[in-house]
$ cat my_file-v5.cif   # mmCIF, C-alpha atoms
data_entry
#
loop_
_atom_site.label_atom_id
_atom_site.label_comp_id
_atom_site.auth_asym_id
_atom_site.auth_seq_id
_atom_site.Cartn_x
_atom_site.Cartn_y
_atom_site.Cartn_z
CA MET A 117 109.58 100.76 22.23
CA ALA A 118 108.65 103.77 24.34
CA LEU A 119 105.09 103.52 25.64
CA GLU A 120 104.21 106.70 27.46
CA ILE A 121 101.15 108.88 27.67
CA LYS A 122 100.72 111.06 24.57
CA GLU A 123 98.60 114.23 24.59
CA LYS A 124 94.97 113.44 23.67
CA PHE A 125 91.66 115.10 24.58
CA GLU A 126 88.45 113.65 23.17
CA VAL A 127 84.72 114.09 23.85
CA VAL A 128 82.50 111.58 22.01
CA ASP A 129 79.06 110.01 22.37
CA SER A 130 79.17 106.71 24.24
CA GLU A 131 77.15 103.53 23.92
CA THR A 132 77.73 102.56 27.56
CA ASP A 133 74.76 103.37 29.77
CA ILE A 134 73.78 102.24 33.24
CA GLU A 135 71.22 99.65 32.02
CA ARG A 136 73.81 98.02 29.82
CA LEU A 137 76.40 98.00 32.63
CA ILE A 138 73.93 96.34 34.99
CA THR A 139 72.90 93.76 32.39
CA ASP A 140 76.51 92.81 31.62
CA ALA A 141 77.75 92.93 35.22
CA PRO A 142 78.88 89.86 37.18
CA LYS A 143 75.64 88.71 38.85
CA GLU A 144 77.03 89.05 42.41
CA VAL A 145 77.54 92.79 41.95
CA ALA A 146 74.77 93.82 39.50
CA GLU A 147 72.35 94.81 42.22
CA THR A 148 75.00 96.66 44.23
CA ILE A 149 76.37 98.76 41.39
CA ALA A 150 72.87 99.81 40.35
CA GLN A 151 72.72 101.76 43.63
CA LYS A 152 76.09 103.49 43.17
CA SER A 153 76.75 107.01 41.90
CA VAL A 154 80.17 106.24 40.42
CA ILE A 155 81.44 102.94 38.98
CA ILE A 156 85.10 102.31 38.27
CA LEU A 157 85.44 100.20 35.10
CA PRO A 158 88.28 97.95 33.87
CA SER A 159 90.84 99.88 31.83
CA HIS A 160 93.57 99.73 29.20
CA GLU A 161 91.49 97.87 26.58
CA SER A 162 91.14 95.12 29.16
CA ALA A 163 87.90 93.43 30.21
CA ASP A 164 89.03 92.56 33.71
CA SER A 165 92.06 94.60 34.86
CA PHE A 166 92.05 97.76 36.91
CA TYR A 167 94.98 100.11 37.28
CA HIS A 168 97.21 99.78 40.32
CA GLY A 169 95.86 102.16 42.97
CA THR A 170 92.20 101.66 42.02
CA LEU A 171 91.26 100.56 45.55
CA GLU A 172 92.85 103.73 47.00
CA THR A 173 90.79 105.76 44.50
CA LEU A 174 87.67 103.76 45.44
CA ASP A 175 88.21 104.43 49.16
CA TYR A 176 88.88 108.13 48.58
CA LEU A 177 85.69 108.63 46.55
CA ASN A 178 83.61 106.74 49.13
CA ASP A 179 85.21 108.68 52.01
CA HIS A 180 84.35 111.96 50.28
CA GLY A 181 80.64 111.43 49.83
CA LEU A 182 80.55 109.61 46.49
CA SER A 183 78.96 106.18 46.68
CA THR A 184 81.38 104.23 44.46
CA ASP A 185 82.14 100.61 43.52
CA VAL A 186 84.35 98.70 41.11
CA TYR A 187 82.85 96.78 38.20
CA SER A 188 84.11 93.38 39.34
CA ASN A 189 83.41 90.79 41.97
CA ASP A 190 85.96 90.27 44.73
CA ASP A 191 87.28 86.97 43.38
CA GLU A 192 88.02 88.16 39.87
CA TYR A 193 89.35 91.64 40.65
CA LYS A 194 92.98 92.10 39.56
CA GLU A 195 95.26 95.07 38.98
CA LEU A 196 97.58 96.12 36.19
CA SER A 197 100.82 97.80 37.27
CA LEU A 198 101.99 99.80 34.31
CA HIS A 199 105.34 101.01 33.10
CA GLY A 200 106.33 104.56 33.94
CA ALA A 201 105.57 106.94 36.77
CA ASP A 202 102.60 108.33 34.88
CA ILE A 203 99.24 108.52 36.64
CA TRP A 204 96.92 105.92 35.13
CA LEU A 205 93.67 106.83 36.86
CA GLY A 206 91.22 104.57 35.01
CA THR A 207 87.72 104.67 33.56
CA PHE A 208 84.80 106.06 35.59
CA PHE A 209 81.06 105.86 34.91
CA ILE A 210 79.46 108.93 36.53
CA LYS A 211 75.72 109.34 37.14
CA ASN A 212 74.34 112.75 36.19
CA PHE A 213 73.31 113.98 39.62
CA VAL A 214 76.82 113.64 41.14
CA ILE A 215 78.78 115.34 38.34
CA PRO A 216 79.55 118.59 40.24
CA VAL A 217 80.64 116.73 43.40
CA PHE A 218 82.62 114.18 41.38
CA CYS A 219 84.55 116.93 39.57
CA SER A 220 85.68 118.60 42.79
CA VAL A 221 86.49 115.33 44.58
CA ILE A 222 88.47 113.81 41.71
CA ALA A 223 90.44 117.05 41.30
CA ALA A 224 91.27 117.05 45.04
CA TYR A 225 92.30 113.38 44.76
CA ILE A 226 94.68 114.07 41.88
CA TYR A 227 96.25 117.24 43.29
CA GLU A 228 96.20 116.59 47.04
CA LYS A 229 96.23 112.83 47.59
CA LEU A 230 98.34 111.81 44.58
CA ARG A 231 100.36 115.05 44.85
CA ALA A 232 100.37 115.35 41.06
CA LYS A 233 102.69 118.00 39.67
CA LYS A 234 101.89 120.16 36.65
CA ASP A 235 104.25 118.29 34.32
CA ASP A 236 103.17 114.78 35.42
CA LYS A 237 101.36 112.82 32.74
CA ILE A 238 97.89 111.50 33.48
CA SER A 239 95.48 109.21 31.64
CA LEU A 240 91.78 108.99 32.48
CA LYS A 241 88.38 108.39 30.93
CA PHE A 242 85.02 109.62 32.24
CA ILE A 243 81.78 108.12 30.89
CA VAL A 244 79.26 110.76 31.90
CA GLU A 245 75.50 110.27 32.09
CA LYS A 246 73.48 113.19 30.75
CA LYS A 247 70.03 114.17 32.03
CA ASP A 248 68.29 112.12 29.33
CA GLY A 249 70.26 108.98 30.25
CA ASN A 250 72.48 109.06 27.16
CA THR A 251 76.22 109.11 27.83
CA THR A 252 79.30 110.98 26.63
CA THR A 253 82.89 109.83 27.02
CA VAL A 254 85.50 112.42 27.99
CA SER A 255 89.04 111.05 27.58
CA TYR A 256 92.17 112.92 28.56
CA ASP A 257 95.78 111.83 28.19
CA GLY A 258 98.47 114.44 28.82
CA GLU A 259 100.03 116.77 31.36
CA VAL A 260 98.19 117.44 34.61
CA ASP A 261 98.62 121.15 33.83
CA ASN A 262 95.95 120.91 31.10
CA LEU A 263 93.61 118.55 32.96
CA ASP A 264 91.14 121.38 33.68
CA LYS A 265 89.77 121.22 30.15
CA ALA A 266 88.66 117.60 30.71
CA ILE A 267 87.15 118.39 34.13
CA ASP A 268 85.38 121.49 32.73
CA SER A 269 84.06 119.39 29.88
CA VAL A 270 82.57 116.89 32.37
CA LYS A 271 81.05 119.74 34.40
CA SER A 272 79.38 121.16 31.29
CA LEU A 273 77.56 117.82 30.80
CA SER A 274 75.79 118.25 34.14
CA ASP A 275 72.93 120.29 32.66
CA GLU A 276 73.05 119.01 29.10
CA ASP A 277 70.16 116.90 27.79
CA MET B 127 123.52 114.44 73.81
CA LYS B 128 124.89 115.92 70.59
CA ILE B 129 126.58 113.70 68.00
CA ASP B 130 128.40 114.89 64.89
CA LEU B 131 127.05 113.24 61.76
CA LEU B 132 128.37 114.91 58.63
CA THR B 133 130.90 112.55 57.08
CA SER B 134 131.38 108.82 56.47
CA GLN B 135 133.91 108.84 59.34
CA ASP B 136 131.17 110.17 61.64
CA ALA B 137 128.70 107.61 60.27
CA SER B 138 131.01 104.70 61.11
CA SER B 139 131.94 106.05 64.55
CA PRO B 140 131.20 104.08 67.76
CA GLU B 141 128.79 106.85 68.86
CA ILE B 142 126.50 106.20 65.91
CA SER B 143 126.71 102.44 66.39
CA ASP B 144 125.84 102.94 70.10
CA LEU B 145 122.90 105.14 69.14
CA PHE B 146 121.49 102.44 66.85
CA ASP B 147 121.87 99.91 69.71
CA LYS B 148 120.14 102.22 72.18
CA LEU B 149 117.22 102.76 69.81
CA LEU B 150 116.92 99.00 69.26
CA ASN B 151 116.88 98.35 73.01
CA ALA B 152 114.41 101.16 73.63
CA LYS B 153 112.14 99.64 70.99
CA LYS B 154 112.39 96.17 72.61
CA GLU B 155 111.47 97.62 76.01
CA ALA B 156 108.58 99.57 74.48
CA VAL B 157 107.33 96.36 72.82
CA GLU B 158 107.44 94.55 76.19
CA ARG B 159 105.44 97.37 77.79
CA GLY B 160 103.06 97.48 74.84
CA ASP B 161 103.75 101.21 74.40
CA GLU B 162 102.69 101.67 70.75
CA SER B 163 103.54 105.36 70.69
CA LEU B 164 107.09 104.80 71.96
CA ILE B 165 107.61 101.83 69.59
CA ASN B 166 106.70 104.00 66.61
CA SER B 167 108.84 106.85 67.92
CA CYS B 168 111.83 104.45 68.02
CA TRP B 169 111.03 103.41 64.44
CA ARG B 170 111.03 107.08 63.35
CA GLU B 171 114.34 107.88 65.08
CA THR B 172 116.02 104.76 63.71
CA GLU B 173 114.81 105.32 60.15
CA ALA B 174 115.85 108.99 60.22
CA LEU B 175 119.32 108.04 61.45
CA LYS B 176 119.65 105.34 58.76
CA LEU B 177 118.53 107.88 56.14
CA ASN B 178 121.22 110.36 57.24
CA VAL B 179 123.89 107.65 57.02
CA LEU B 180 122.65 106.53 53.59
CA PHE B 181 122.69 110.11 52.28
CA ILE B 182 126.27 110.53 53.53
CA ASN B 183 127.16 107.34 51.61
CA VAL B 184 125.54 108.82 48.50
CA PHE B 185 127.74 111.90 48.83
CA ASP B 186 130.84 109.71 49.20
CA ASP B 187 129.87 107.67 46.14
CA LEU B 188 129.47 110.88 44.13
CA LYS B 189 132.87 112.11 45.31
CA ASN B 190 134.34 108.77 44.19
CA HIS B 191 132.54 108.89 40.80
CA LYS B 192 130.40 105.83 41.64
CA TYR B 193 127.46 107.41 39.87
CA ARG B 194 125.25 104.33 39.49
CA ASP B 195 125.67 103.30 43.14
CA ALA B 196 124.80 106.84 44.22
CA TRP B 197 121.79 106.90 41.86
CA ASN B 198 120.40 103.68 43.34
CA SER B 199 120.93 104.93 46.90
CA LEU B 200 119.27 108.27 46.05
CA GLU B 201 116.15 106.30 45.09
CA ARG B 202 116.33 104.42 48.40
CA CYS B 203 116.63 107.80 50.21
CA GLU B 204 113.61 109.09 48.28
CA ILE B 205 111.45 106.11 49.29
CA ASP B 206 112.58 106.07 52.94
CA ALA B 207 112.04 109.84 53.29
CA MET B 208 108.54 109.48 51.81
CA PHE B 209 107.58 106.83 54.41
CA LEU B 210 109.07 108.96 57.21
CA GLY B 211 107.12 111.94 55.88
CA ASP B 212 103.85 110.01 56.16
CA ASN B 213 104.54 109.06 59.81
CA SER B 214 106.22 112.11 61.36
CA SER B 215 105.58 115.71 62.34
CA GLU B 216 106.98 118.55 60.27
CA GLU B 217 109.18 119.53 63.22
CA PHE B 218 110.70 116.05 63.40
CA LEU B 219 111.34 115.97 59.64
CA SER B 220 113.04 119.33 59.78
CA ASN B 221 115.13 118.62 62.89
CA THR B 222 116.37 115.25 61.61
CA ARG B 223 117.32 116.64 58.15
CA VAL B 224 114.73 114.47 56.38
CA ARG B 225 113.31 117.52 54.59
CA HIS B 226 116.81 118.65 53.60
CA ILE B 227 117.58 115.18 52.21
CA GLN B 228 114.26 115.01 50.32
CA GLU B 229 114.93 118.35 48.67
CA LYS B 230 118.53 117.54 47.78
CA VAL B 231 117.73 114.03 46.49
CA SER B 232 115.49 115.41 43.75
CA LYS B 233 118.10 118.06 42.87
CA TRP B 234 120.91 115.51 42.58
CA GLN B 235 118.63 113.31 40.46
CA SER B 236 117.87 116.28 38.18
CA ILE B 237 121.52 116.74 37.17
CA TYR B 238 122.06 113.10 36.23
CA PRO B 239 122.25 112.44 32.48
CA TYR B 240 119.99 109.35 32.72
CA CYS B 241 116.88 109.73 30.55
CA VAL B 242 115.84 106.22 29.38
CA PHE B 243 114.72 103.43 31.70
CA ALA B 244 113.34 99.90 31.29
CA SER B 245 110.07 99.66 33.15
CA PRO B 246 108.08 96.44 33.61
CA ALA B 247 104.30 96.06 33.47
CA PHE B 248 102.52 93.17 35.21
CA THR B 249 99.16 92.12 36.55
CA VAL B 250 98.68 91.44 40.26
CA GLY B 251 96.11 88.85 41.35
CA TYR B 252 95.74 90.16 44.89
CA TYR B 253 97.56 91.92 47.73
CA THR B 254 97.94 91.04 51.38
CA CYS B 255 98.60 93.41 54.29
CA SER B 256 102.16 93.06 55.63
CA ILE B 257 100.96 93.70 59.19
CA CYS B 258 98.05 91.23 59.57
CA GLY B 259 98.17 89.16 56.34
CA HIS B 260 94.60 90.13 55.39
CA LYS B 261 93.78 89.46 51.74
CA ILE B 262 92.82 92.86 50.34
CA ARG B 263 89.81 92.85 47.99
CA PRO B 264 87.53 95.62 46.72
CA ARG B 265 84.95 94.88 49.41
CA SER B 266 87.22 93.50 52.13
CA ARG B 267 89.88 95.53 53.96
CA CYS B 268 91.73 95.39 57.25
CA SER B 269 92.19 98.31 59.63
CA HIS B 270 95.79 99.00 58.54
CA GLU B 271 96.59 101.81 56.15
CA LYS B 272 99.34 101.31 53.57
CA GLY B 273 102.41 103.45 54.35
CA LYS B 274 101.60 103.90 58.05
CA VAL B 275 103.58 102.39 60.94
CA TYR B 276 102.05 99.85 63.35
CA GLY B 277 104.03 98.34 66.21
CA GLY B 278 107.24 99.72 64.73
CA GLU B 279 106.62 98.08 61.35
CA LEU B 280 105.70 99.78 58.11
CA CYS B 281 102.43 98.61 56.55
CA LEU B 282 103.00 97.57 52.94
CA HIS B 283 100.84 95.64 50.50
CA ILE B 284 102.46 92.43 49.28
CA ALA B 285 101.63 91.48 45.69
CA HIS B 286 100.65 87.88 44.83
CA ASP B 287 99.94 85.95 41.61
CA MET B 288 101.98 88.43 39.58
CA GLU B 289 102.07 87.88 35.82
CA PHE B 290 104.68 89.68 33.78
CA GLN B 291 103.25 91.55 30.77
CA GLU B 292 106.00 93.55 29.06
CA ILE B 293 109.02 95.80 29.45
CA SER B 294 108.81 99.32 28.05
CA LEU B 295 111.35 102.07 27.59
CA VAL B 296 110.21 105.16 29.48
CA THR B 297 111.59 108.53 30.56
CA LYS B 298 109.89 108.58 33.98
CA PRO B 299 110.12 105.14 35.55
CA VAL B 300 108.43 103.83 38.67
CA GLN B 301 111.72 102.13 39.57
CA LYS B 302 114.52 104.62 38.96
CA TYR B 303 117.22 101.94 39.29
CA SER B 304 116.20 100.48 35.91
CA VAL B 305 118.68 102.64 33.98
CA VAL B 306 119.53 101.27 30.51
CA HIS B 307 122.51 103.55 29.79
CA ASN B 308 126.17 102.61 29.83
CA ASP B 309 127.70 105.10 32.30
CA GLU B 310 130.96 105.16 30.36
CA THR B 311 129.23 106.88 27.46
CA LEU B 312 127.59 109.62 29.55
CA ASP B 313 128.57 113.10 30.72
CA PHE B 314 128.59 113.47 34.52
CA SER B 315 130.34 116.85 34.50
CA LEU B 316 127.50 118.69 36.31
CA ILE B 317 127.73 116.23 39.20
CA ASN B 318 131.53 116.44 39.26
CA TYR B 319 131.46 120.24 39.25
CA LEU B 320 129.05 120.36 42.18
CA VAL B 321 130.52 117.63 44.34
CA GLU B 322 134.01 119.17 44.08
CA ILE B 323 132.72 122.39 45.64
CA LEU B 324 130.71 120.82 48.47
CA ASP B 325 132.45 119.71 51.66
CA ASN B 326 129.67 117.51 53.00
CA ALA B 327 126.23 116.13 52.15
CA PHE B 328 124.36 118.66 54.26
CA GLU B 329 125.71 121.92 52.88
CA GLU B 330 123.10 124.26 51.46
CA TRP B 331 123.03 124.64 47.68
CA GLY B 332 120.47 125.15 44.98
CA LEU B 333 120.18 125.19 41.22
CA ASN B 334 118.23 126.95 38.53
CA TRP B 335 117.69 125.46 35.06
CA THR B 336 117.80 128.06 32.31
CA THR B 337 119.34 128.51 28.82
CA LYS B 338 122.41 130.38 27.54
CA THR B 339 123.14 131.50 24.00
CA PHE B 340 126.54 131.16 22.32
CA PRO B 341 127.74 132.30 18.84
CA ILE B 342 127.93 129.57 16.20
CA ASP B 343 131.71 129.89 15.76
CA LYS B 344 132.19 128.40 19.24
CA PHE B 345 130.82 125.11 17.87
CA SER B 346 133.33 124.68 15.04
CA ARG B 347 134.60 121.43 16.60
CA VAL B 348 131.15 119.81 16.70
CA ASP B 349 130.69 117.25 13.88
CA SER B 350 127.54 117.71 11.77
CA ASN B 351 126.57 114.08 12.53
CA SER B 352 126.84 114.60 16.30
CA GLU B 353 123.87 115.32 18.55
CA CYS B 354 122.88 118.99 18.25
CA PRO B 355 124.22 121.04 21.21
CA CYS B 356 120.73 122.47 21.76
CA LYS B 357 119.70 118.96 22.91
CA SER B 358 116.76 118.76 20.51
CA GLY B 359 117.63 115.13 19.89
CA MET B 360 118.35 115.85 16.21
CA ARG B 361 121.73 115.83 14.52
CA PHE B 362 123.68 119.10 14.51
CA GLY B 363 123.65 119.14 10.68
CA GLU B 364 119.84 118.85 10.62
CA CYS B 365 119.19 121.35 13.41
CA CYS B 366 121.20 124.44 14.44
CA ILE B 367 124.23 124.29 12.10
CA GLU B 368 122.99 127.18 9.92
CA LYS B 369 122.07 129.48 12.83
CA ASN B 370 124.16 132.45 14.01
CA GLU B 371 123.69 131.53 17.68
CA ILE B 372 122.77 128.37 19.56
CA GLU B 373 120.74 128.31 22.77
CA LEU B 374 122.00 125.63 25.15
CA PRO B 375 120.36 124.20 28.28
CA HIS B 376 122.23 125.76 31.20
CA VAL B 377 122.19 125.32 34.96
CA ASP B 378 123.14 127.99 37.51
CA PHE B 379 124.31 126.60 40.84
CA ILE B 380 123.67 128.65 43.98
CA PHE B 381 125.95 128.24 47.01
CA SER B 382 125.82 129.56 50.55
CA LYS B 383 129.59 130.06 50.65
CA GLU B 384 132.22 131.71 48.49
CA ILE B 385 133.60 129.46 45.79
CA PRO B 386 136.99 129.61 44.00
CA GLU B 387 137.10 132.07 41.09
CA GLU B 388 137.78 129.36 38.49
CA LYS B 389 134.57 127.63 39.58
CA SER B 390 132.53 130.83 39.15
CA LYS B 391 133.04 130.99 35.39
CA THR B 392 130.52 129.67 32.88
CA VAL B 393 131.55 126.19 31.73
CA PHE B 394 131.28 125.77 27.96
CA PRO B 395 131.05 122.07 27.19
CA TYR B 396 132.25 122.09 23.53
#

$ encode --input "my_file-v5.cif" --output "structure tokens"
Amino acid sequence: MALEIKEKFEVVDSETDIERLITDAPKEVAETIAQKSVIILPSHESADSFYHGTLETLDYLNDHGLSTDVYSNDDEYKELSLHGADIWLGTFFIKNFVIPVFCSVIAAYIYEKLRAKKDDKISLKFIVEKKDGNTTTVSYDGEVDNLDKAIDSVKSLSDED
Amino acid sequence: MKIDLLTSQDASSPEISDLFDKLLNAKKEAVERGDESLINSCWRETEALKLNVLFINVFDDLKNHKYRDAWNSLERCEIDAMFLGDNSSEEFLSNTRVRHIQEKVSKWQSIYPYCVFASPAFTVGYYTCSICGHKIRPRSRCSHEKGKVYGGELCLHIAHDMEFQEISLVTKPVQKYSVVHNDETLDFSLINYLVEILDNAFEEWGLNWTTKTFPIDKFSRVDSNSECPCKSGMRFGECCIEKNEIELPHVDFIFSKEIPEEKSKTVFPY
């Protein structure tokens, strides 16, 4: 069976908010992640696995002015190495006030650090906090060439109530 | 000192063997002196020389129709050139042909008929640093950066507690060697055409993927149950059989030398 990234772009209301994340977090990290601007969540319908390369993404975001952490304690953190040379970036919770910075940093990470080409396939999910604290999920699966529409969609949530 | 390194005869010459020995000795002396910069310079020179030799072997394998061996070595060239690229100046990469090899590797790969690969997925419990053995965790790192050279050794992350999840069929694999095709059933004519014209692995050449249209009567020998010549993946009878013309994928090769007239003509594969 061929399991590769198929084109999908979706913007939907989310039930995940920062209070819920903190409540459900492993107790060792709950206090820490409450202080962070971006939180990388487990991915691929998994409750505890992060995509291979997550720690490189984590370091890049932190090195570029975005206070970021992963939603796991050090002992339980594990990675999922997936089939195919597609870019499985993961799921990111983004606080409202860092949306503009996040959009430019994540784009630089994809194009410059990962050296993504236009026809590479990418899969990512952004859970974006709006000004009123409610959240919207922007999911994009498809060619890097069309990634702008997902990034622009996240940007537009910066001022939305 | 100038050494010829174009062919497999050059690669197996005593001069090349001596050069490897000299680099090894220079690295040992640099280690004794604790000269980190010289140690890493020896690593670069050695790896670039090995890469040149490996790429010459690829060319020989292609000449001898050992397509799968060449494919696997092309992947090795790709990985080695990437690590050299992350640890060398642009001038070094250009002077030691690493950039040439990188460019040509992806072009050779593009004219292979392989399109389906078996790719494994697995979970990794944790990684350790190959330089210092540090257990890498989200909130605990060592000072070594993956892909960089320290003391003449490449820093890699070693996976532990791996659990196999599944194997999937993909078109763009992480590991290119995981080809699922039977070579005997595939068409390697593009590779054969090219390798017959080239005299050595380092000649300049290029290619341009395009399409070319042919009248339907040129396809009278194609069975309606065969794959459609337009490469849509459908059967000929369900795809282009009723059309007046068929547009085929086509590649133009570009050479820096004159080629025999019979090689300049368009090759029609049906």

$ interface_residues --input "my_file-v5.cif" --of "chain B" --to "chain A" --cutoff "10 Å" --atoms "all atoms listed in the file" --output "NGL selection string"
:B and (242-253 or 262-267 or 272 or 285 or 287-302)

$ write_last_selection --input "my_file-v5.cif" --atoms "C-alpha atoms" --output "PDB file, keeping the file's coordinate frame"
ATOM      1  CA  VAL B 242     115.840 106.220  29.380  1.00  0.00           C
ATOM      2  CA  PHE B 243     114.720 103.430  31.700  1.00  0.00           C
ATOM      3  CA  ALA B 244     113.340  99.900  31.290  1.00  0.00           C
ATOM      4  CA  SER B 245     110.070  99.660  33.150  1.00  0.00           C
ATOM      5  CA  PRO B 246     108.080  96.440  33.610  1.00  0.00           C
ATOM      6  CA  ALA B 247     104.300  96.060  33.470  1.00  0.00           C
ATOM      7  CA  PHE B 248     102.520  93.170  35.210  1.00  0.00           C
ATOM      8  CA  THR B 249      99.160  92.120  36.550  1.00  0.00           C
ATOM      9  CA  VAL B 250      98.680  91.440  40.260  1.00  0.00           C
ATOM     10  CA  GLY B 251      96.110  88.850  41.350  1.00  0.00           C
ATOM     11  CA  TYR B 252      95.740  90.160  44.890  1.00  0.00           C
ATOM     12  CA  TYR B 253      97.560  91.920  47.730  1.00  0.00           C
ATOM     13  CA  ILE B 262      92.820  92.860  50.340  1.00  0.00           C
ATOM     14  CA  ARG B 263      89.810  92.850  47.990  1.00  0.00           C
ATOM     15  CA  PRO B 264      87.530  95.620  46.720  1.00  0.00           C
ATOM     16  CA  ARG B 265      84.950  94.880  49.410  1.00  0.00           C
ATOM     17  CA  SER B 266      87.220  93.500  52.130  1.00  0.00           C
ATOM     18  CA  ARG B 267      89.880  95.530  53.960  1.00  0.00           C
ATOM     19  CA  LYS B 272      99.340 101.310  53.570  1.00  0.00           C
ATOM     20  CA  ALA B 285     101.630  91.480  45.690  1.00  0.00           C
ATOM     21  CA  ASP B 287      99.940  85.950  41.610  1.00  0.00           C
ATOM     22  CA  MET B 288     101.980  88.430  39.580  1.00  0.00           C
ATOM     23  CA  GLU B 289     102.070  87.880  35.820  1.00  0.00           C
ATOM     24  CA  PHE B 290     104.680  89.680  33.780  1.00  0.00           C
ATOM     25  CA  GLN B 291     103.250  91.550  30.770  1.00  0.00           C
ATOM     26  CA  GLU B 292     106.000  93.550  29.060  1.00  0.00           C
ATOM     27  CA  ILE B 293     109.020  95.800  29.450  1.00  0.00           C
ATOM     28  CA  SER B 294     108.810  99.320  28.050  1.00  0.00           C
ATOM     29  CA  LEU B 295     111.350 102.070  27.590  1.00  0.00           C
ATOM     30  CA  VAL B 296     110.210 105.160  29.480  1.00  0.00           C
ATOM     31  CA  THR B 297     111.590 108.530  30.560  1.00  0.00           C
ATOM     32  CA  LYS B 298     109.890 108.580  33.980  1.00  0.00           C
ATOM     33  CA  PRO B 299     110.120 105.140  35.550  1.00  0.00           C
ATOM     34  CA  VAL B 300     108.430 103.830  38.670  1.00  0.00           C
ATOM     35  CA  GLN B 301     111.720 102.130  39.570  1.00  0.00           C
ATOM     36  CA  LYS B 302     114.520 104.620  38.960  1.00  0.00           C
TER      37      LYS B 302
END

$ closest_residue --input "my_file-v5.cif" --among "A:Glu126, A:Glu228, A:Glu131, A:Asp164" --to "Asn250 of chain A" --atoms "only C-alpha atoms"
A:Glu131

$ resolve_selection --input "my_file-v5.cif" --expression "the PyMOL selection byres ((chain B and resi 137-148) around 12)" --output "PDB file with C-alpha atoms, keeping the file's coordinate frame"
ATOM      1  CA  MET B 127     123.520 114.440  73.810  1.00  0.00           C
ATOM      2  CA  LYS B 128     124.890 115.920  70.590  1.00  0.00           C
ATOM      3  CA  ILE B 129     126.580 113.700  68.000  1.00  0.00           C
ATOM      4  CA  ASP B 130     128.400 114.890  64.890  1.00  0.00           C
ATOM      5  CA  LEU B 131     127.050 113.240  61.760  1.00  0.00           C
ATOM      6  CA  LEU B 132     128.370 114.910  58.630  1.00  0.00           C
ATOM      7  CA  THR B 133     130.900 112.550  57.080  1.00  0.00           C
ATOM      8  CA  SER B 134     131.380 108.820  56.470  1.00  0.00           C
ATOM      9  CA  GLN B 135     133.910 108.840  59.340  1.00  0.00           C
ATOM     10  CA  ASP B 136     131.170 110.170  61.640  1.00  0.00           C
ATOM     11  CA  LEU B 149     117.220 102.760  69.810  1.00  0.00           C
ATOM     12  CA  LEU B 150     116.920  99.000  69.260  1.00  0.00           C
ATOM     13  CA  ASN B 151     116.880  98.350  73.010  1.00  0.00           C
ATOM     14  CA  ALA B 152     114.410 101.160  73.630  1.00  0.00           C
ATOM     15  CA  LYS B 153     112.140  99.640  70.990  1.00  0.00           C
ATOM     16  CA  LYS B 154     112.390  96.170  72.610  1.00  0.00           C
ATOM     17  CA  GLU B 155     111.470  97.620  76.010  1.00  0.00           C
ATOM     18  CA  CYS B 168     111.830 104.450  68.020  1.00  0.00           C
ATOM     19  CA  TRP B 169     111.030 103.410  64.440  1.00  0.00           C
ATOM     20  CA  ARG B 170     111.030 107.080  63.350  1.00  0.00           C
ATOM     21  CA  GLU B 171     114.340 107.880  65.080  1.00  0.00           C
ATOM     22  CA  THR B 172     116.020 104.760  63.710  1.00  0.00           C
ATOM     23  CA  GLU B 173     114.810 105.320  60.150  1.00  0.00           C
ATOM     24  CA  ALA B 174     115.850 108.990  60.220  1.00  0.00           C
ATOM     25  CA  LEU B 175     119.320 108.040  61.450  1.00  0.00           C
ATOM     26  CA  LYS B 176     119.650 105.340  58.760  1.00  0.00           C
ATOM     27  CA  LEU B 177     118.530 107.880  56.140  1.00  0.00           C
ATOM     28  CA  ASN B 178     121.220 110.360  57.240  1.00  0.00           C
ATOM     29  CA  VAL B 179     123.890 107.650  57.020  1.00  0.00           C
ATOM     30  CA  LEU B 180     122.650 106.530  53.590  1.00  0.00           C
ATOM     31  CA  PHE B 181     122.690 110.110  52.280  1.00  0.00           C
ATOM     32  CA  ILE B 182     126.270 110.530  53.530  1.00  0.00           C
ATOM     33  CA  ASN B 183     127.160 107.340  51.610  1.00  0.00           C
ATOM     34  CA  ASP B 186     130.840 109.710  49.200  1.00  0.00           C
TER      35      ASP B 186
END

$ resolve_selection --input "my_file-v5.cif" --expression "the PyMOL selection byres ((chain A and resi 177) around 12)" --output "PyMOL selection string"
chain A and resi 152-156+170-176+178-186+208+210+214+217-226+229

$ atom_distance --input "my_file-v5.cif" --atom1 "atom CA of Gly206 of chain A" --atom2 "atom CA of Ala163 of chain A"
12.6 Å

$ resolve_selection --input "my_file-v5.cif" --expression "the PyMOL selection byres ((chain B and resi 341) around 7)" --output "list in words"
Thr339, Phe340, Ile342, Asp343, Lys344, Asn370, Glu371 and Ile372 of chain B

$ atom_distance --input "my_file-v5.cif" --atom1 "atom CA of Ile367 of chain B" --atom2 "atom CA of Asp309 of chain B"
28.1 Å

$ closest_residue --input "my_file-v5.cif" --among "B:Cys354, B:Val305, B:Leu282, B:Leu316" --to "Cys258 of chain B" --atoms "all atoms listed in the file"
B:Leu282

$ residues_around --input "my_file-v5.cif" --residues "segment 258-273 of chain A" --least-positions-apart "4" --cutoff "9 Å" --atoms "all atoms listed in the file" --output "number ranges by chain"
A: 121-127, 212, 215-216, 219-220, 222-223, 226-227, 232-239, 242-247, 252-254, 277

$ axis_aligned_box --input "my_file-v5.cif" --around "segment 138-152 of chain A" --padding-each-side "5 Å" --output "JSON"
{"center_x": 75.6, "center_y": 96.1, "center_z": 37.9, "size_x": 16.5, "size_y": 24.8, "size_z": 22.6}

$ atom_distance --input "my_file-v5.cif" --atom1 "atom CA of Lys369 of chain B" --atom2 "atom CA of Pro355 of chain B"
12.1 Å
